[in-house]
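Pasted below: query-v7.txt, compact mmCIF, C-alpha atoms.
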```
# COMPACT_ATOMS: atom_id res chain seq x y z
CA MET A 1 -11.49 -53.31 0.01
CA ASN A 2 -9.55 -52.11 3.04
CA LYS A 3 -6.48 -53.93 1.76
CA ILE A 4 -6.62 -51.71 -1.35
CA ARG A 5 -7.72 -48.43 0.24
CA TYR A 6 -4.94 -48.02 2.84
CA PRO A 7 -2.01 -48.74 0.51
CA LEU A 8 -3.42 -46.14 -1.88
CA LEU A 9 -3.59 -43.55 0.88
CA ALA A 10 -0.11 -44.52 2.07
CA ALA A 11 1.26 -44.17 -1.46
CA ALA A 12 -0.23 -40.70 -1.72
CA VAL A 13 1.34 -39.65 1.57
CA VAL A 14 4.70 -41.08 0.51
CA ALA A 15 4.50 -39.16 -2.78
CA TRP A 16 3.70 -35.94 -0.91
CA THR A 17 6.61 -36.51 1.48
CA LEU A 18 9.03 -37.22 -1.37
CA SER A 19 7.84 -34.08 -3.07
CA GLY A 20 8.72 -32.12 0.06
CA LEU A 21 12.15 -33.69 0.25
CA SER A 22 12.63 -32.96 -3.42
CA ALA A 23 11.76 -29.31 -2.85
CA CYS A 24 14.42 -29.19 -0.12
CA ALA A 25 16.96 -30.75 -2.46
CA VAL A 26 16.37 -28.32 -5.33
CA THR A 27 16.77 -25.30 -3.14
CA GLY A 28 20.31 -26.29 -2.40
CA VAL A 29 20.32 -27.86 1.06
CA GLY A 30 23.83 -29.04 1.76
CA VAL A 31 25.36 -28.09 -1.56
CA GLU A 32 27.39 -25.18 -2.84
CA GLY A 33 25.13 -22.50 -4.26
CA ASP A 34 21.63 -23.36 -5.33
CA VAL A 35 20.41 -26.22 -7.43
CA GLY A 36 17.32 -26.23 -9.55
CA TYR A 37 14.25 -24.07 -9.57
CA ASP A 38 13.38 -21.09 -7.51
CA GLY A 39 11.04 -18.15 -7.77
CA GLY A 40 13.01 -15.96 -10.16
CA TYR A 41 16.10 -15.24 -12.14
CA ALA A 42 19.42 -14.83 -10.36
CA GLY A 43 21.43 -12.98 -12.99
CA ASP A 44 19.68 -9.63 -12.75
CA TYR A 45 22.56 -7.62 -11.38
CA TYR A 46 22.66 -3.86 -11.90
CA GLU A 47 26.03 -2.16 -12.21
CA PRO A 48 27.02 0.76 -9.99
CA TYR A 49 25.68 4.12 -11.08
CA GLY A 50 27.43 7.39 -11.76
CA TYR A 51 30.40 6.27 -13.79
CA GLU A 52 31.45 7.38 -17.26
CA TYR A 53 31.62 5.10 -20.25
CA GLY A 54 33.46 5.85 -23.43
CA GLY A 55 35.77 8.84 -23.62
CA TRP A 56 38.23 6.91 -25.74
CA GLY A 57 40.91 8.68 -27.70
CA GLY A 58 41.14 8.30 -31.47
CA GLY A 59 43.86 5.68 -31.28
CA TYR A 60 42.13 3.57 -28.65
CA ARG A 61 41.72 0.19 -30.33
CA VAL A 62 39.85 -2.63 -28.69
CA GLY A 63 39.19 -5.16 -31.45
CA PRO A 64 41.19 -8.07 -32.83
CA GLY A 65 43.41 -7.76 -35.85
CA ARG A 66 43.01 -9.69 -39.04
CA ASP A 67 44.19 -13.28 -39.40
CA GLY A 68 47.92 -13.66 -39.26
CA HIS A 69 48.18 -10.16 -37.84
CA ARG A 70 51.33 -9.73 -35.82
CA ASP A 71 50.82 -6.06 -34.97
CA ASP A 72 53.41 -5.29 -32.37
CA HIS A 73 52.97 -8.38 -30.24
CA GLY A 74 56.35 -9.04 -28.74
CA GLY A 75 55.64 -11.38 -25.87
CA GLY A 76 55.13 -8.69 -23.27
CA PRO A 77 53.92 -5.17 -22.74
CA ARG A 78 55.72 -2.49 -24.67
CA GLY A 79 57.71 0.28 -23.24
CA GLY A 80 57.57 -0.65 -19.59
CA GLY A 81 60.47 -3.03 -19.59
CA HIS A 82 58.95 -5.01 -16.73
CA ALA A 83 57.55 -8.50 -16.83
CA PRO A 84 53.80 -8.58 -17.38
CA ALA A 85 51.46 -9.89 -14.71
CA TYR A 86 50.16 -12.48 -17.17
CA ARG A 87 52.04 -15.27 -18.90
CA PRO A 88 52.51 -13.90 -22.43
CA ALA A 89 51.99 -16.04 -25.49
CA PRO A 90 55.27 -16.97 -27.17
CA ALA A 91 56.73 -14.00 -29.00
CA GLY A 92 56.85 -15.83 -32.32
CA ARG A 93 53.14 -16.51 -32.44
CA SER A 94 50.70 -14.21 -34.19
CA ALA A 95 47.74 -12.95 -32.26
CA PRO A 96 44.69 -14.85 -33.52
CA SER A 97 41.68 -13.19 -35.03
CA LEU A 98 37.97 -13.99 -35.24
CA PRO A 99 36.84 -17.23 -36.89
CA SER A 100 36.45 -16.83 -40.62
CA GLY A 101 33.77 -19.41 -41.30
CA SER A 102 30.20 -18.21 -41.57
CA ARG A 103 27.16 -19.89 -40.10
CA GLY A 104 25.64 -19.20 -43.51
CA GLY A 105 22.82 -17.02 -44.65
CA GLY A 106 24.10 -13.73 -43.20
CA ARG A 107 21.90 -10.68 -43.59
CA GLY A 108 22.62 -7.13 -44.46
CA ARG A 109 21.71 -4.40 -42.02
CA MET B 1 -16.22 -42.52 3.00
CA ARG B 2 -14.59 -44.29 0.09
CA ARG B 3 -15.29 -41.26 -2.12
CA PHE B 4 -13.72 -38.94 0.48
CA GLU B 5 -10.56 -41.02 0.69
CA SER B 6 -10.26 -41.17 -3.09
CA LEU B 7 -10.63 -37.40 -3.23
CA LEU B 8 -8.02 -36.98 -0.50
CA CYS B 9 -5.59 -39.19 -2.41
CA ALA B 10 -6.20 -37.21 -5.61
CA VAL B 11 -5.51 -33.92 -3.81
CA ILE B 12 -2.32 -35.27 -2.23
CA PHE B 13 -1.04 -36.63 -5.57
CA ALA B 14 -1.85 -33.35 -7.32
CA THR B 15 -0.04 -31.37 -4.63
CA ALA B 16 2.95 -33.69 -4.85
CA SER B 17 3.21 -33.41 -8.61
CA THR B 18 2.98 -29.63 -8.77
CA GLY B 19 4.56 -28.48 -5.53
CA ALA B 20 8.17 -28.57 -6.63
CA HIS B 21 7.44 -26.66 -9.82
CA ALA B 22 4.94 -24.08 -8.60
CA ALA B 23 7.47 -21.26 -8.62
CA SER B 24 9.72 -22.60 -11.37
CA PHE B 25 11.74 -20.28 -13.57
CA ASP B 26 12.83 -22.45 -16.42
CA LEU B 27 15.26 -20.60 -18.68
CA PRO B 28 15.58 -21.97 -22.20
CA PRO B 29 18.86 -23.53 -23.37
CA LEU B 30 21.60 -21.25 -24.68
CA ASN B 31 21.86 -23.31 -27.86
CA ALA B 32 19.00 -24.67 -29.88
CA PRO B 33 19.78 -27.11 -31.35
CA PRO B 34 22.34 -28.14 -28.72
CA SER B 35 26.05 -28.20 -29.48
CA ALA B 36 28.50 -30.94 -28.57
CA GLU B 37 31.33 -28.41 -28.40
CA HIS B 38 32.84 -26.74 -25.33
CA HIS B 39 34.95 -23.59 -25.51
CA ALA B 40 36.09 -22.48 -22.08
CA GLY B 41 36.80 -18.77 -22.09
CA LYS B 42 34.42 -17.98 -24.94
CA VAL B 43 31.79 -15.30 -24.40
CA VAL B 44 28.66 -17.31 -25.11
CA TRP B 45 25.76 -15.22 -23.84
CA ALA B 46 24.72 -11.81 -22.54
CA ASP B 47 21.80 -10.78 -20.35
CA LEU B 48 20.54 -7.22 -20.10
CA VAL B 49 19.05 -6.10 -16.81
CA THR B 50 16.73 -3.21 -17.48
CA PRO B 51 13.90 -1.40 -15.68
CA ASP B 52 11.56 -1.48 -18.70
CA LEU B 53 11.45 -4.61 -20.83
CA GLY B 54 9.08 -3.07 -23.40
CA VAL B 55 11.32 -0.10 -24.10
CA ALA B 56 14.38 -2.37 -24.39
CA GLU B 57 12.64 -4.77 -26.78
CA LYS B 58 11.57 -1.90 -29.02
CA PHE B 59 15.08 -0.44 -29.07
CA TYR B 60 17.03 -3.64 -29.73
CA GLY B 61 14.38 -5.06 -32.05
CA GLY B 62 14.42 -1.89 -34.13
CA LEU B 63 18.18 -1.62 -34.16
CA PHE B 64 19.25 -5.20 -34.81
CA GLY B 65 16.13 -7.01 -36.02
CA TRP B 66 15.90 -9.14 -32.90
CA GLN B 67 12.67 -10.87 -31.97
CA PHE B 68 11.69 -11.79 -28.44
CA GLN B 69 10.23 -14.77 -26.64
CA SER B 70 8.80 -14.02 -23.20
CA VAL B 71 9.43 -16.14 -20.12
CA HIS B 72 7.19 -14.98 -17.26
CA ALA B 73 7.60 -17.00 -14.09
CA GLY B 74 8.18 -16.52 -10.43
CA GLY B 75 9.20 -12.97 -9.69
CA SER B 76 10.96 -12.28 -12.98
CA ASP B 77 10.02 -11.13 -16.47
CA TYR B 78 12.60 -12.41 -18.93
CA ALA B 79 12.69 -12.23 -22.71
CA VAL B 80 14.95 -14.32 -24.90
CA ALA B 81 16.33 -12.30 -27.82
CA LEU B 82 16.27 -14.23 -31.08
CA LEU B 83 18.15 -13.57 -34.30
CA ASP B 84 16.66 -15.53 -37.19
CA GLY B 85 14.97 -17.75 -34.61
CA ARG B 86 18.21 -18.50 -32.77
CA PRO B 87 18.60 -17.44 -29.11
CA ILE B 88 21.44 -14.94 -28.71
CA GLY B 89 20.77 -13.19 -25.41
CA GLY B 90 18.29 -12.35 -22.71
CA LEU B 91 16.58 -9.29 -21.31
CA VAL B 92 15.41 -9.32 -17.71
CA GLN B 93 13.20 -6.65 -16.21
CA LYS B 94 14.01 -5.57 -12.72
CA PRO B 95 12.66 -2.39 -11.16
CA ILE B 96 15.13 -0.02 -9.60
CA PRO B 97 13.91 0.70 -6.07
CA PRO B 98 12.93 4.34 -5.51
CA GLY B 99 15.83 6.40 -4.24
CA GLU B 100 18.45 3.99 -5.57
CA HIS B 101 20.71 4.75 -8.50
CA ARG B 102 21.76 1.70 -10.41
CA GLN B 103 23.12 1.31 -13.94
CA SER B 104 21.41 -0.89 -16.50
CA ALA B 105 24.03 -3.06 -18.19
CA TRP B 106 24.65 -6.14 -20.28
CA LEU B 107 26.06 -9.00 -18.24
CA THR B 108 28.79 -10.95 -20.08
CA PHE B 109 28.64 -14.76 -19.76
CA ILE B 110 31.91 -16.67 -20.23
CA ALA B 111 31.85 -20.42 -20.82
CA VAL B 112 33.35 -22.82 -18.28
CA ARG B 113 33.12 -26.55 -17.71
CA ASP B 114 32.77 -26.39 -13.92
CA VAL B 115 31.17 -23.26 -12.45
CA ASP B 116 31.97 -24.01 -8.83
CA MET B 117 35.61 -24.81 -9.48
CA VAL B 118 36.12 -21.61 -11.49
CA LYS B 119 34.23 -19.63 -8.87
CA ARG B 120 36.57 -20.89 -6.16
CA THR B 121 39.61 -20.05 -8.30
CA ALA B 122 38.22 -16.56 -8.88
CA VAL B 123 37.63 -15.97 -5.18
CA ALA B 124 41.16 -17.18 -4.44
CA HIS B 125 42.36 -14.46 -6.85
CA LYS B 126 40.44 -11.62 -5.16
CA ALA B 127 37.13 -11.84 -7.04
CA LYS B 128 33.80 -11.44 -5.27
CA VAL B 129 30.71 -13.58 -5.68
CA LEU B 130 27.75 -11.32 -6.47
CA VAL B 131 25.23 -14.08 -7.20
CA ASP B 132 26.14 -17.57 -6.03
CA SER B 133 26.12 -20.51 -8.41
CA LYS B 134 22.68 -21.66 -9.42
CA SER B 135 21.42 -24.28 -11.84
CA TYR B 136 18.63 -23.88 -14.36
CA PRO B 137 17.94 -27.31 -15.80
CA ARG B 138 17.79 -26.36 -19.46
CA ARG B 139 20.28 -23.46 -19.42
CA GLY B 140 22.94 -24.89 -17.15
CA ARG B 141 24.76 -23.67 -14.07
CA GLN B 142 25.90 -20.08 -13.63
CA ALA B 143 27.27 -17.58 -11.15
CA VAL B 144 27.85 -13.82 -11.22
CA LEU B 145 31.23 -12.51 -10.09
CA ALA B 146 33.12 -9.24 -9.81
CA ASP B 147 36.78 -9.36 -10.82
CA PRO B 148 39.52 -7.77 -8.66
CA GLU B 149 38.83 -4.31 -10.13
CA GLY B 150 35.06 -4.75 -9.81
CA ALA B 151 34.12 -5.56 -13.41
CA VAL B 152 30.99 -7.72 -13.29
CA PHE B 153 30.82 -10.90 -15.36
CA ALA B 154 29.11 -14.28 -15.25
CA ILE B 155 30.37 -17.80 -15.78
CA VAL B 156 28.13 -20.48 -17.23
CA ALA B 157 28.40 -24.21 -17.83
CA SER B 158 25.84 -24.56 -20.56
CA SER B 159 23.59 -27.62 -20.55
CA SER B 160 23.40 -27.35 -24.34
CA GLY B 161 27.13 -27.00 -24.99
CA ASP B 162 28.88 -23.96 -26.45
CA SER B 163 28.15 -22.59 -29.89
CA PRO B 164 30.67 -23.49 -32.60
CA ASP B 165 33.18 -20.84 -33.65
CA TYR B 166 31.57 -19.03 -36.56
CA LEU B 167 32.01 -15.46 -37.68
CA ALA B 168 29.01 -13.65 -36.22
CA GLU B 169 26.26 -12.59 -38.57
CA PRO B 170 25.15 -8.94 -38.59
CA GLY B 171 22.94 -8.49 -35.55
CA ASP B 172 24.83 -11.05 -33.46
CA TRP B 173 27.55 -10.63 -30.83
CA ILE B 174 30.97 -10.43 -32.42
CA TRP B 175 33.35 -9.18 -29.73
CA SER B 176 33.84 -8.32 -26.06
CA SER B 177 36.26 -5.96 -24.38
CA LEU B 178 37.25 -5.46 -20.78
CA HIS B 179 38.17 -1.96 -19.65
CA ALA B 180 40.17 -1.63 -16.47
CA LYS B 181 42.81 0.48 -14.78
CA ASP B 182 45.42 -2.32 -14.95
CA ALA B 183 44.72 -4.36 -18.07
CA GLY B 184 47.75 -6.60 -17.57
CA THR B 185 46.85 -7.65 -14.04
CA GLU B 186 43.24 -8.17 -15.08
CA ALA B 187 44.40 -10.29 -18.02
CA ALA B 188 46.41 -12.42 -15.59
CA PHE B 189 43.29 -12.92 -13.46
CA TYR B 190 41.20 -14.10 -16.42
CA GLN B 191 44.10 -16.23 -17.68
CA ASP B 192 44.08 -18.09 -14.37
CA LEU B 193 40.35 -18.71 -14.75
CA PHE B 194 40.03 -19.60 -18.41
CA GLY B 195 43.53 -20.55 -19.58
CA TYR B 196 43.74 -17.71 -22.09
CA ASP B 197 46.69 -17.15 -24.34
CA VAL B 198 47.50 -13.46 -23.89
CA TYR B 199 48.93 -11.31 -26.69
CA ASP B 200 50.14 -7.80 -26.13
CA LEU B 201 48.83 -5.45 -28.82
CA SER B 202 49.50 -2.18 -27.08
CA GLY B 203 49.62 0.79 -29.42
CA ASP B 204 51.24 4.16 -29.24
CA ASP B 205 48.51 5.61 -27.06
CA GLY B 206 50.63 4.59 -24.09
CA LEU B 207 47.89 2.30 -22.82
CA GLU B 208 48.05 -1.45 -22.42
CA HIS B 209 45.84 -3.52 -24.74
CA VAL B 210 45.95 -7.32 -24.85
CA ILE B 211 44.05 -9.98 -26.75
CA LEU B 212 42.70 -12.99 -24.86
CA SER B 213 42.36 -16.16 -26.92
CA THR B 214 41.59 -19.85 -26.65
CA ASP B 215 41.49 -22.53 -29.35
CA ASP B 216 43.52 -20.11 -31.51
CA VAL B 217 40.50 -17.79 -31.70
CA ALA B 218 40.47 -14.25 -30.32
CA ARG B 219 37.83 -14.16 -27.57
CA ALA B 220 38.11 -10.71 -26.05
CA SER B 221 40.47 -7.86 -25.30
CA ALA B 222 41.57 -6.29 -22.04
CA ASN B 223 42.24 -2.58 -22.29
CA GLN B 224 43.72 -0.03 -19.96
CA GLN B 225 41.26 2.80 -19.45
CA PRO B 226 42.35 6.30 -20.34
CA ASP B 227 43.06 8.09 -17.09
CA ASN B 228 41.74 11.45 -18.23
CA ALA B 229 38.49 11.05 -16.35
CA PRO B 230 38.22 9.98 -12.72
CA GLN B 231 34.66 8.67 -12.97
CA ARG B 232 35.45 5.33 -14.51
CA HIS B 233 35.07 1.83 -13.25
CA ALA B 234 36.13 -1.50 -14.67
CA HIS B 235 33.53 -3.08 -16.93
CA TRP B 236 32.94 -5.50 -19.75
CA LEU B 237 31.50 -4.28 -23.04
CA ASN B 238 29.96 -6.45 -25.75
CA TYR B 239 29.75 -5.62 -29.45
CA ILE B 240 27.14 -6.38 -32.09
CA ARG B 241 28.30 -6.88 -35.64
CA VAL B 242 26.82 -4.25 -37.93
CA GLN B 243 27.37 -3.40 -41.56
CA ASP B 244 27.41 0.36 -41.03
CA ALA B 245 28.34 1.51 -37.54
CA THR B 246 27.75 5.19 -38.38
CA ASP B 247 24.24 4.49 -39.60
CA VAL B 248 23.32 2.19 -36.69
CA ALA B 249 24.78 4.57 -34.09
CA ALA B 250 22.75 7.45 -35.54
CA LYS B 251 19.64 5.29 -35.48
CA ALA B 252 20.32 4.35 -31.86
CA VAL B 253 20.37 8.03 -30.91
CA MET B 254 17.14 8.65 -32.82
CA MET B 255 15.52 5.80 -30.89
CA GLY B 256 16.33 7.26 -27.48
CA GLY B 257 19.89 6.05 -27.05
CA LYS B 258 23.05 8.06 -26.56
CA MET B 259 26.36 8.19 -28.37
CA LEU B 260 29.24 7.24 -26.05
CA VAL B 261 32.05 6.72 -28.55
CA GLN B 262 31.83 8.13 -32.07
CA PRO B 263 32.46 5.65 -34.90
CA HIS B 264 36.18 5.37 -35.56
CA PRO B 265 38.43 2.82 -37.27
CA ASP B 266 39.72 0.00 -35.14
CA ARG B 267 42.66 -2.38 -35.52
CA HIS B 268 40.96 -4.59 -38.12
CA GLY B 269 40.02 -1.70 -40.38
CA GLY B 270 36.29 -1.49 -39.72
CA LEU B 271 34.53 1.12 -37.62
CA VAL B 272 33.73 0.66 -33.95
CA ALA B 273 31.27 2.79 -31.96
CA VAL B 274 29.69 2.63 -28.51
CA VAL B 275 26.14 3.70 -27.75
CA ALA B 276 23.92 3.52 -24.70
CA ASP B 277 20.37 2.20 -24.88
CA PRO B 278 17.46 4.29 -23.49
CA ALA B 279 18.12 2.93 -19.97
CA GLY B 280 21.83 3.77 -20.24
CA ALA B 281 23.23 0.28 -20.87
CA PRO B 282 26.37 0.59 -23.04
CA ILE B 283 26.66 -1.57 -26.14
CA GLY B 284 29.36 -1.69 -28.79
CA LEU B 285 28.89 -1.69 -32.55
CA MET B 286 31.56 -3.26 -34.74
CA GLU B 287 31.81 -3.45 -38.50
CA TRP B 288 33.53 -6.54 -39.82
CA SER B 289 33.64 -7.08 -43.56
CA GLU B 290 35.88 -9.14 -45.73
CA ASN B 291 36.98 -5.97 -47.54
CA ASP B 292 38.34 -3.99 -44.60
CA THR B 293 42.05 -3.32 -44.59
CA GLN B 294 44.14 -3.84 -41.55
CA VAL B 295 44.95 -0.62 -39.73
CA ALA B 296 48.70 -0.38 -39.41
CA PRO B 297 50.00 0.29 -35.93
CA LYS B 298 50.93 3.90 -35.41
```
Using structure tokens, write down the structure from this file.
Amino acid sequence: MNKIRYPLLAAAVVAWTLSGLSACAVTGVGVEGDVGYDGGYAGDYYEPYGYEYGGWGGGYRVGPGRDGHRDDHGGGPRGGGHAPAYRPAPAGRSAPSLPSGSRGGGRGR
Amino acid sequence: MRRFESLLCAVIFATASTGAHAASFDLPPLNAPPSAEHHAGKVVWADLVTPDLGVAEKFYGGLFGWQFQSVHAGGSDYAVALLDGRPIGGLVQKPIPPGEHRQSAWLTFIAVRDVDMVKRTAVAHKAKVLVDSKSYPRRGRQAVLADPEGAVFAIVASSSGDSPDYLAEPGDWIWSSLHAKDAGTEAAFYQDLFGYDVYDLSGDDGLEHVILSTDDVARASANQQPDNAPQRHAHWLNYIRVQDATDVAAKAVMMGGKMLVQPHPDRHGGLVAVVADPAGAPIGLMEWSENDTQVAPK
């Protein structure tokens, strides 16, 4: 029976050891950031307090236009005459809009 | 003796099998069923951090018909918001320590293929890492960053792919806007990260407005903040599609929220409004119907 008993005990110890190594691995030892489980969520970031939101003027427009809408897109910011910090889309292309296809079964609200 | 050793083995095996998962926080996938699509640069998720999960659930459930699925594990209380049974966002409860003033807000998640690569690119372009990259097996890998002006956003490589490009249903996210002092420079930063095509749609308000797109779909806008108030900081804002922005905004106020921007027509012809939830988190409301008429540039 001894031949059976000791391997069983050894297997249990090996499993426990591997579990410990696994725990080290999932907490991010030697890798960028963390990998795997931990005790809580890591996206719960509050913004700074004391700032104002809103206060837009009547002509302050933030949404997309309709499909094929060219608006006044001219390949760069208007009025300033200087090159934009970004690489503008080609002047001949219309600014895209939202997708038109529906997932189906939309509800009224 | 044999019974003792058997018991010892059982205890060791039990410890081994549960030890790694004792404090697990297993977030559900962003897409159920999973998607085979990937859309880098698409806003694919939003998480609200709030001091009172119950109040937030009542507000958003009453306003948009969302239902909630609780995930209690480790040190966090998290609720997945569902629209018609489909996960669309998350609410996480986090107490604000006494004496501290912090602002509840929705955190905008933008899709990437490789979180760590994009994070390094962001840092090289003057972003800060607020929460380092972390993997949740079923959700994917994510990190929280602040852009060069301090607007907070998250990047996520979803384990379940990115949702296909459909027009949002009422009650779902339809749009996102970035508000910053220098919209053009901010647009350049996000272009470097996500490969956006950038279209200038500045109006006659003298402020810079650009559309950020990928896959020939408009993903978000970057907008220069009006400089008539000094107490502003750069931030992302996400919009829910509604059928009547005036009605929903009024209801939000009745339910303990606050009106931040009165309903007014936007570029596409529908009304846009901004309200704050009872904890102060701003959220946009956007009408989008097939019958709206394009607003001509002034």
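Distance annotation: of B:Val198, B:Ile155, B:Val44, B:Val115, the residue with the minimal separation from chain A is B:Val198; atom set is only C-alpha atoms.
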Could you name the residues that touch A:Gly63 at 12 Å or less, counting only C-alpha atoms, but leaving out those on the same chain fewer than 5 positions away, as a ChimeraX atom specification? /A:95-98 /B:174-178,201-202,209-212,218-223,237-239,241,264-273,284-288,294-295
Find the spatial neighbours of B:His233, counting all atoms listed in the file, within a cut-off of 9 Å - ignore same-chain residues fewer than 3 positions away - and output them as a PyMOL selection string. (chain A and resi 48+51-53) or (chain B and resi 149-151+179-181+225+230)
Quick one: residues within 12 Å of B:Ala250, all atoms listed in the file, excluding same-chain residues fewer than 2 positions away - as a list in words? Leu63, Asp244, Ala245, Thr246, Asp247, Val248, Ala252, Val253, Met254, Met255, Gly256, Gly257, Lys258, Met259, Leu260, Val261, Gln262, Pro263, Ala273, Val274, Val275, Ala276 and Leu285 of chain B
Between atom CA of B:Phe64 and atom CA of B:Leu48, measure the distance and give it in Å to one decimal. 14.9 Å
